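Text of model-v7.csv, listed as CSV, C-alpha atoms:
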```csv
chain,number,residue,atom,x,y,z
K,1,MET,CA,-129.2,-9.4,-24.5
K,2,ALA,CA,-127.8,-8.4,-27.8
K,3,LEU,CA,-129.6,-5.0,-27.7
K,4,ILE,CA,-128.3,-4.4,-24.1
K,5,ASN,CA,-124.8,-5.2,-25.3
K,6,LEU,CA,-125.2,-2.8,-28.2
K,7,ILE,CA,-126.3,0.1,-26.0
K,8,SER,CA,-123.4,-0.6,-23.6
K,9,LYS,CA,-121.0,-0.1,-26.6
K,10,PHE,CA,-122.1,3.5,-26.7
K,11,VAL,CA,-123.2,4.3,-23.1
K,12,ILE,CA,-121.7,3.6,-19.7
K,13,ASN,CA,-123.6,3.9,-16.4
K,14,CYS,CA,-122.2,5.4,-13.2
K,15,GLU,CA,-121.7,2.1,-11.4
K,16,GLU,CA,-119.6,0.7,-14.2
K,17,LEU,CA,-117.5,3.9,-14.5
K,18,PHE,CA,-116.9,3.8,-10.7
K,19,THR,CA,-115.3,0.4,-11.0
K,20,LEU,CA,-113.2,1.5,-14.0
K,21,LYS,CA,-112.2,5.0,-13.1
K,22,ASN,CA,-108.7,4.2,-12.0
K,23,SER,CA,-108.0,1.8,-14.9
K,24,SER,CA,-104.9,2.7,-17.1
K,25,ASN,CA,-106.9,1.7,-20.1
K,26,ILE,CA,-109.4,4.6,-20.0
K,27,ARG,CA,-109.4,8.3,-20.2
K,28,ILE,CA,-112.3,10.2,-18.7
K,29,ILE,CA,-113.2,13.5,-20.4
K,30,ASP,CA,-115.3,16.2,-18.7
K,31,CYS,CA,-116.8,18.5,-21.3
K,32,ARG,CA,-119.3,20.5,-19.3
K,33,TRP,CA,-120.4,23.5,-21.4
K,34,TYR,CA,-123.2,26.1,-21.2
K,35,LEU,CA,-124.6,28.3,-23.9
K,36,ASN,CA,-123.6,32.0,-23.5
K,37,LYS,CA,-121.5,31.1,-20.3
K,38,PRO,CA,-118.2,29.9,-21.9
K,39,ASN,CA,-116.2,29.8,-18.6
K,40,ARG,CA,-118.8,28.0,-16.4
K,41,GLY,CA,-118.0,24.5,-17.4
K,42,ARG,CA,-114.2,24.9,-16.7
K,43,LEU,CA,-115.0,26.6,-13.3
K,44,GLU,CA,-117.3,23.7,-12.3
K,45,TYR,CA,-114.6,21.2,-13.4
K,46,LYS,CA,-112.0,23.0,-11.2
K,47,ASN,CA,-114.4,23.0,-8.3
K,48,SER,CA,-115.5,19.3,-8.6
K,49,HIS,CA,-115.1,16.5,-11.1
K,50,ILE,CA,-114.8,12.7,-11.4
K,51,GLU,CA,-111.4,11.5,-10.3
K,52,ASN,CA,-108.8,11.5,-13.1
K,53,ALA,CA,-111.1,13.4,-15.5
K,54,ILE,CA,-109.5,15.7,-18.1
K,55,TYR,CA,-111.3,18.9,-19.1
K,56,PHE,CA,-112.2,19.3,-22.8
K,57,ASP,CA,-113.0,23.0,-23.5
K,58,ILE,CA,-115.4,23.1,-26.4
K,59,GLU,CA,-114.8,26.9,-26.8
K,60,LYS,CA,-111.0,26.8,-26.8
K,61,LEU,CA,-110.7,23.5,-28.7
K,62,SER,CA,-112.3,25.0,-31.8
K,63,ASP,CA,-111.2,26.7,-35.0
K,64,SER,CA,-110.9,30.4,-34.0
K,65,THR,CA,-110.0,31.4,-37.6
K,66,ILE,CA,-113.7,31.1,-38.6
K,67,ASP,CA,-116.2,33.8,-37.4
K,68,LEU,CA,-118.7,31.2,-36.1
K,69,PRO,CA,-119.0,29.7,-32.6
K,70,HIS,CA,-116.8,26.7,-31.7
K,71,MET,CA,-116.3,25.3,-35.2
K,72,PHE,CA,-114.6,21.9,-35.5
K,73,PRO,CA,-111.1,21.8,-34.1
K,74,SER,CA,-108.1,21.5,-36.3
K,75,SER,CA,-105.9,18.3,-36.3
K,76,GLU,CA,-103.2,20.3,-34.6
K,77,GLN,CA,-105.4,21.3,-31.8
K,78,ILE,CA,-106.6,17.7,-31.2
K,79,GLN,CA,-103.1,16.4,-31.6
K,80,ASN,CA,-101.8,18.8,-28.9
K,81,PHE,CA,-104.8,17.8,-26.6
K,82,ILE,CA,-104.0,14.1,-27.0
K,83,ILE,CA,-100.3,14.4,-26.4
K,84,THR,CA,-100.7,16.8,-23.4
K,85,ASN,CA,-103.2,14.5,-21.7
K,86,GLY,CA,-101.4,11.2,-22.3
K,87,ILE,CA,-104.1,9.8,-24.7
K,88,ASN,CA,-103.5,7.2,-27.3
K,89,ILE,CA,-105.7,5.3,-29.8
K,90,ASN,CA,-106.0,2.2,-27.6
K,91,HIS,CA,-107.6,4.0,-24.7
K,92,GLU,CA,-111.3,3.8,-24.2
K,93,ILE,CA,-112.6,7.4,-24.0
K,94,ILE,CA,-115.4,8.0,-21.5
K,95,ILE,CA,-117.2,11.4,-21.9
K,96,TYR,CA,-119.5,13.2,-19.5
K,97,ASP,CA,-121.2,16.6,-19.4
K,98,GLN,CA,-123.6,18.1,-16.8
K,99,ILE,CA,-126.7,16.0,-17.7
K,100,GLY,CA,-125.5,13.3,-20.0
K,101,PHE,CA,-126.7,14.3,-23.5
K,102,PHE,CA,-126.3,18.0,-24.0
K,103,CYS,CA,-122.7,18.6,-25.2
K,104,SER,CA,-121.2,15.2,-24.7
K,105,GLY,CA,-122.3,14.1,-28.1
K,106,ARG,CA,-120.2,16.8,-29.7
K,107,VAL,CA,-117.0,15.6,-28.0
K,108,TRP,CA,-117.9,12.0,-28.8
K,109,PHE,CA,-118.3,13.0,-32.5
K,110,ILE,CA,-114.9,14.9,-32.5
K,111,PHE,CA,-113.1,11.8,-31.2
K,112,LYS,CA,-114.9,9.6,-33.7
K,113,VAL,CA,-113.9,11.8,-36.6
K,114,PHE,CA,-110.3,11.7,-35.4
K,115,GLY,CA,-110.3,7.9,-35.6
K,116,PHE,CA,-111.0,6.7,-32.0
K,117,LYS,CA,-113.1,3.5,-31.9
K,118,LYS,CA,-113.8,3.0,-28.2
K,119,ILE,CA,-115.9,6.0,-27.0
K,120,ARG,CA,-118.7,6.0,-24.6
K,121,ILE,CA,-120.9,8.6,-22.9
K,122,LEU,CA,-121.8,8.6,-19.2
K,123,ASN,CA,-125.5,8.2,-18.9
K,124,GLY,CA,-126.9,11.1,-16.9
K,125,GLY,CA,-123.6,12.8,-16.8
K,126,PHE,CA,-122.1,14.5,-13.7
K,127,SER,CA,-125.7,15.1,-12.4
K,128,GLU,CA,-126.4,11.4,-12.2
K,129,TRP,CA,-122.9,10.7,-10.7
K,130,THR,CA,-123.5,13.1,-7.8
K,131,LYS,CA,-127.1,11.9,-7.4
K,132,ASN,CA,-125.7,8.5,-6.7
K,133,ASN,CA,-123.3,10.0,-4.1
K,134,LEU,CA,-120.3,8.8,-6.0
K,135,PRO,CA,-116.9,10.4,-5.1
K,136,VAL,CA,-115.7,13.7,-6.7
K,137,THR,CA,-112.5,15.6,-6.3
K,138,ASN,CA,-111.0,19.0,-7.1
K,139,LYS,CA,-107.5,17.6,-7.6
K,140,ILE,CA,-106.3,17.8,-11.2
K,141,LYS,CA,-104.0,15.0,-12.1
K,142,LYS,CA,-101.2,15.8,-14.4
K,143,ALA,CA,-100.8,13.2,-17.1
K,144,GLU,CA,-97.6,11.9,-18.7
K,145,LYS,CA,-97.4,13.0,-22.3
K,146,SER,CA,-98.1,10.5,-25.0
K,147,SER,CA,-96.3,10.1,-28.3
K,148,PHE,CA,-99.4,9.1,-30.3
K,149,VAL,CA,-99.7,10.7,-33.7
K,150,CYS,CA,-103.3,11.3,-34.8
K,151,ASN,CA,-103.3,10.7,-38.5
K,152,SER,CA,-107.0,9.9,-39.1
K,153,PHE,CA,-109.6,12.6,-40.0
K,154,GLU,CA,-112.9,11.6,-41.5
K,155,SER,CA,-113.6,14.9,-43.4
K,156,LYS,CA,-116.6,13.3,-45.2
K,157,ARG,CA,-118.5,13.4,-41.8
K,158,ILE,CA,-118.6,17.2,-41.9
K,159,VAL,CA,-120.6,19.2,-44.4
K,160,ASN,CA,-120.1,22.9,-45.2
K,161,LYS,CA,-122.7,25.4,-46.3
K,162,LYS,CA,-122.1,25.0,-50.1
K,163,GLU,CA,-122.3,21.3,-49.8
K,164,LEU,CA,-125.6,21.5,-47.9
K,165,GLU,CA,-127.0,24.0,-50.5
K,166,LYS,CA,-126.3,21.4,-53.2
K,167,ILE,CA,-128.1,18.7,-51.2
K,168,ILE,CA,-131.1,20.9,-50.8
K,169,VAL,CA,-131.3,21.9,-54.5
K,170,LYS,CA,-130.9,18.2,-55.5
K,171,ASN,CA,-133.8,17.3,-53.1
K,172,ASP,CA,-132.9,13.6,-53.1
K,173,CYS,CA,-135.5,11.7,-51.1
K,174,ASN,CA,-132.7,9.4,-49.8
K,175,THR,CA,-131.0,12.4,-48.1
K,176,LYS,CA,-132.6,13.7,-44.9
K,177,VAL,CA,-131.7,17.0,-43.1
K,178,ILE,CA,-132.4,16.9,-39.4
K,179,ASP,CA,-132.7,19.9,-37.1
K,180,ALA,CA,-131.9,19.1,-33.5
K,181,ARG,CA,-133.1,22.4,-32.0
K,182,PRO,CA,-136.1,22.6,-29.8
K,183,GLN,CA,-139.4,22.5,-31.7
K,184,ASN,CA,-140.3,26.2,-31.1
K,185,ARG,CA,-137.1,27.4,-32.6
K,186,PHE,CA,-137.5,25.0,-35.6
K,187,LEU,CA,-141.0,26.4,-36.1
K,188,GLY,CA,-139.8,30.0,-35.8
K,189,ILE,CA,-142.0,30.7,-32.8
K,190,GLU,CA,-139.2,31.3,-30.4
K,191,LYS,CA,-136.3,33.7,-30.8
K,192,GLU,CA,-132.8,32.4,-31.3
K,193,PRO,CA,-130.6,32.7,-28.2
K,194,ARG,CA,-127.7,34.1,-30.2
K,195,PRO,CA,-128.0,37.7,-31.6
K,196,ASN,CA,-128.3,38.6,-35.4
K,197,LEU,CA,-130.0,35.3,-36.3
K,198,LYS,CA,-133.3,35.1,-38.0
K,199,LYS,CA,-136.1,32.7,-37.0
K,200,GLY,CA,-136.9,29.6,-39.0
K,201,ARG,CA,-135.3,26.4,-40.4
K,202,ILE,CA,-133.5,25.0,-43.4
K,203,LYS,CA,-135.7,24.1,-46.3
K,204,ASN,CA,-137.0,20.5,-46.3
K,205,SER,CA,-135.5,19.8,-42.8
K,206,ILE,CA,-137.3,17.7,-40.2
K,207,ASN,CA,-137.2,18.3,-36.5
K,208,ILE,CA,-135.8,15.8,-34.0
K,209,PRO,CA,-135.1,17.9,-30.9
K,210,PHE,CA,-132.0,16.6,-29.1
K,211,GLU,CA,-134.1,16.4,-25.8
K,212,VAL,CA,-136.3,13.6,-27.2
K,213,ILE,CA,-133.6,11.0,-27.0
K,214,THR,CA,-133.7,11.0,-23.2
K,215,GLU,CA,-136.2,10.0,-20.6
K,216,ASN,CA,-135.8,11.5,-17.1
K,217,MET,CA,-132.4,12.8,-18.4
K,218,LEU,CA,-131.2,9.3,-19.2
K,219,ILE,CA,-131.0,7.9,-22.7
K,220,LYS,CA,-134.1,6.0,-23.8
K,221,ASN,CA,-134.0,2.3,-24.3
K,222,PHE,CA,-133.1,0.8,-27.7
K,223,ASP,CA,-136.7,0.0,-28.6
K,224,LYS,CA,-138.0,3.5,-27.9
K,225,LEU,CA,-135.1,5.1,-29.8
K,226,LYS,CA,-135.8,2.7,-32.7
K,227,HIS,CA,-139.5,3.6,-32.7
K,228,LEU,CA,-138.8,7.3,-32.5
K,229,ILE,CA,-136.3,7.3,-35.4
K,230,PHE,CA,-137.7,4.6,-37.8
K,231,ASN,CA,-141.4,4.7,-37.1
K,232,GLN,CA,-142.3,8.2,-36.0
K,233,LYS,CA,-139.7,10.1,-38.1
K,234,LYS,CA,-139.6,7.6,-41.0
K,235,ILE,CA,-135.8,7.5,-41.2
K,236,LYS,CA,-134.4,4.5,-43.0
K,237,LYS,CA,-131.0,2.8,-42.5
K,238,LYS,CA,-130.1,3.5,-46.1
K,239,ASN,CA,-130.7,7.2,-45.8
K,240,ILE,CA,-127.8,9.8,-46.0
K,241,ILE,CA,-128.4,12.1,-43.1
K,242,VAL,CA,-127.1,15.6,-42.3
K,243,CYS,CA,-127.7,17.0,-38.8
K,244,TYR,CA,-127.6,20.6,-37.6
K,245,CYS,CA,-128.7,22.6,-34.6
K,246,GLY,CA,-127.9,26.1,-33.3
K,247,SER,CA,-124.1,25.8,-33.5
K,248,GLY,CA,-123.2,22.2,-34.2
K,249,VAL,CA,-123.2,21.0,-30.5
K,250,THR,CA,-126.5,19.3,-29.7
K,251,ALA,CA,-126.9,18.0,-33.3
K,252,CYS,CA,-124.2,15.5,-32.4
K,253,ASN,CA,-126.5,13.9,-29.9
K,254,ILE,CA,-128.8,12.9,-32.8
K,255,ILE,CA,-125.7,11.7,-34.7
K,256,PHE,CA,-124.8,9.6,-31.7
K,257,VAL,CA,-128.3,7.9,-31.6
K,258,LEU,CA,-128.4,7.4,-35.4
K,259,THR,CA,-125.0,5.7,-35.2
K,260,LEU,CA,-126.2,3.6,-32.3
K,261,LEU,CA,-129.1,2.5,-34.4
K,262,GLY,CA,-126.8,1.4,-37.2
K,263,ILE,CA,-127.2,4.2,-39.7
K,264,LYS,CA,-123.9,4.6,-41.5
K,265,GLU,CA,-124.0,7.8,-43.5
K,266,VAL,CA,-124.5,10.5,-40.9
K,267,LYS,CA,-122.9,13.9,-41.2
K,268,LEU,CA,-122.8,17.2,-39.3
K,269,TYR,CA,-123.4,20.6,-40.8
K,270,ASP,CA,-121.0,22.3,-38.5
K,271,GLY,CA,-121.9,25.9,-39.2
K,272,SER,CA,-125.5,25.0,-38.4
K,273,TRP,CA,-128.1,27.8,-37.8
K,274,ALA,CA,-125.4,30.1,-36.5
K,275,GLU,CA,-124.2,30.3,-40.2
K,276,TRP,CA,-127.3,29.5,-42.1
K,277,GLY,CA,-129.6,31.9,-40.2
K,278,LYS,CA,-127.3,34.9,-40.2
K,279,ILE,CA,-129.1,38.2,-40.8
K,280,LYS,CA,-127.1,39.8,-43.7
```

Write out the structure in this file as structure tokens.
Amino acid sequence: MALINLISKFVINCEELFTLKNSSNIRIIDCRWYLNKPNRGRLEYKNSHIENAIYFDIEKLSDSTIDLPHMFPSSEQIQNFIITNGININHEIIIYDQIGFFCSGRVWFIFKVFGFKKIRILNGGFSEWTKNNLPVTNKIKKAEKSSFVCNSFESKRIVNKKELEKIIVKNDCNTKVIDARPQNRFLGIEKEPRPNLKKGRIKNSINIPFEVITENMLIKNFDKLKHLIFNQKKIKKKNIIVCYCGSGVTACNIIFVLTLLGIKEVKLYDGSWAEWGKIK
């Protein structure tokens, strides 16, 4: 029972969300996003979404001053999003994407870094919701603005290139670098989907593809996740872990699972392979 309760702190199923969707204590975030199709998620949201859902645009809510894709948003951007959409720190944030664990982890991580404590991801995402014939709408509800001031920002959870270079040179066995890209990209067999990037991986990194945390597009049970991370990948709870992927999105799904499993020191290399793998 304890394990089930632990999973339910991080993940919500469609049936439970259906009963809660009109509660004033929650805010539902739709963050559907597709690589190389920046407008598709917003268009899908406008066409059909879970009632009361707010759209979080990963492309627009990012630091556009940096010449890398969707870098971490500024405090001002998040503050504006929170005020505009009537969100405060006491709300429970429910996040969904198209399949459950593709880009939802990224938005979960953003809210976590900005100090939110009650955040869950919809298991199976919008796909599972519609598969269960649960109601959708195209009506976009306008929220009353909030006055909440977002003062928290856990900067230590984000690593830049220089910091990662120091970690690699130090080669401390207690620090693990995890690559969440699919295995063929990690091995340099498959070409990167973005232009001007070389093949390969960061030195000493290990591969835990973001897809392996799910089974039939739903998150694996606690015991299977524990076996994958602690037994197969030899990760320890005391490890300091830095995760990366193609551009800092799917790596957050691995961060999500590591956090669920009780690992405290988990960081994101936000520039990811989009920065590290640039052809100069």

Could you give me, as CSV, a per-residue list for segment 24-135 of chain K showing, wherever an atom lies at most 12 Å from an atom of segment 249-265 of chain K, the closest pair of atoms and their distance in Å to one decimal, using only C-alpha atoms and sorting by chain then residue number from low to high?
```
residue,atom,partner,partner_atom,distance
K:Cys31,CA,K:Val249,CA,11.5
K:Arg32,CA,K:Val249,CA,11.9
K:Trp33,CA,K:Val249,CA,9.8
K:Tyr34,CA,K:Val249,CA,10.6
K:Leu35,CA,K:Val249,CA,9.9
K:Ile58,CA,K:Val249,CA,9.1
K:Glu59,CA,K:Val249,CA,10.9
K:Ser62,CA,K:Val249,CA,11.7
K:Pro69,CA,K:Val249,CA,9.9
K:His70,CA,K:Val249,CA,8.7
K:Met71,CA,K:Val249,CA,9.4
K:Phe72,CA,K:Val249,CA,10.0
K:Asp97,CA,K:Thr250,CA,11.9
K:Gly100,CA,K:Asn253,CA,10.0
K:Phe101,CA,K:Asn253,CA,6.4
K:Phe102,CA,K:Thr250,CA,5.8
K:Cys103,CA,K:Val249,CA,5.8
K:Ser104,CA,K:Asn253,CA,7.5
K:Gly105,CA,K:Asn253,CA,4.6
K:Arg106,CA,K:Cys252,CA,5.0
K:Val107,CA,K:Cys252,CA,8.4
K:Trp108,CA,K:Phe256,CA,7.9
K:Phe109,CA,K:Cys252,CA,6.4
K:Ile110,CA,K:Cys252,CA,9.3
K:Phe111,CA,K:Cys252,CA,11.8
K:Lys112,CA,K:Phe256,CA,10.1
K:Val113,CA,K:Cys252,CA,11.7
K:Ile119,CA,K:Phe256,CA,10.7
K:Arg120,CA,K:Phe256,CA,10.0
K:Ile121,CA,K:Phe256,CA,9.7
```

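With all atoms listed in the file as the atoms that count, the minimum distance from Asn22 of chain K to the choices K:Asn52, K:Ser8, K:Asn196, K:Ser272 is reached by K:Asn52.
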
Surrounding residues of Ile168 of chain K excluding itself and chain neighbours under 5 positions, 9 Å, all atoms listed in the file, as an MDAnalysis selection string: chainID K and resid 163 175 177 202:204

K:Ile50, K:Ile167, K:Gly86, K:Phe186 ranked by distance to Phe148 of chain K, top pick (using all atoms listed in the file):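 When distances to Phe148 of chain K are compared using all atoms listed in the file, the smallest one comes from K:Gly86.
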
Computed interatomic separation between atom CA of Asn133 of chain K and atom CA of Ile93 of chain K (Å):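 Atom-to-atom, atom CA of Asn133 of chain K to atom CA of Ile93 of chain K, that is 22.7 Å.
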
Shell around Lys224 of chain K at 12 Å using all atoms listed in the file, local window under 6 positions removed, as a ChimeraX atom specification: /K:3,212-215,230-232,257,261

Interatomic distance, atom CA of Ile240 of chain K to atom CA of Lys176 of chain K (Å, one decimal): 6.3 Å
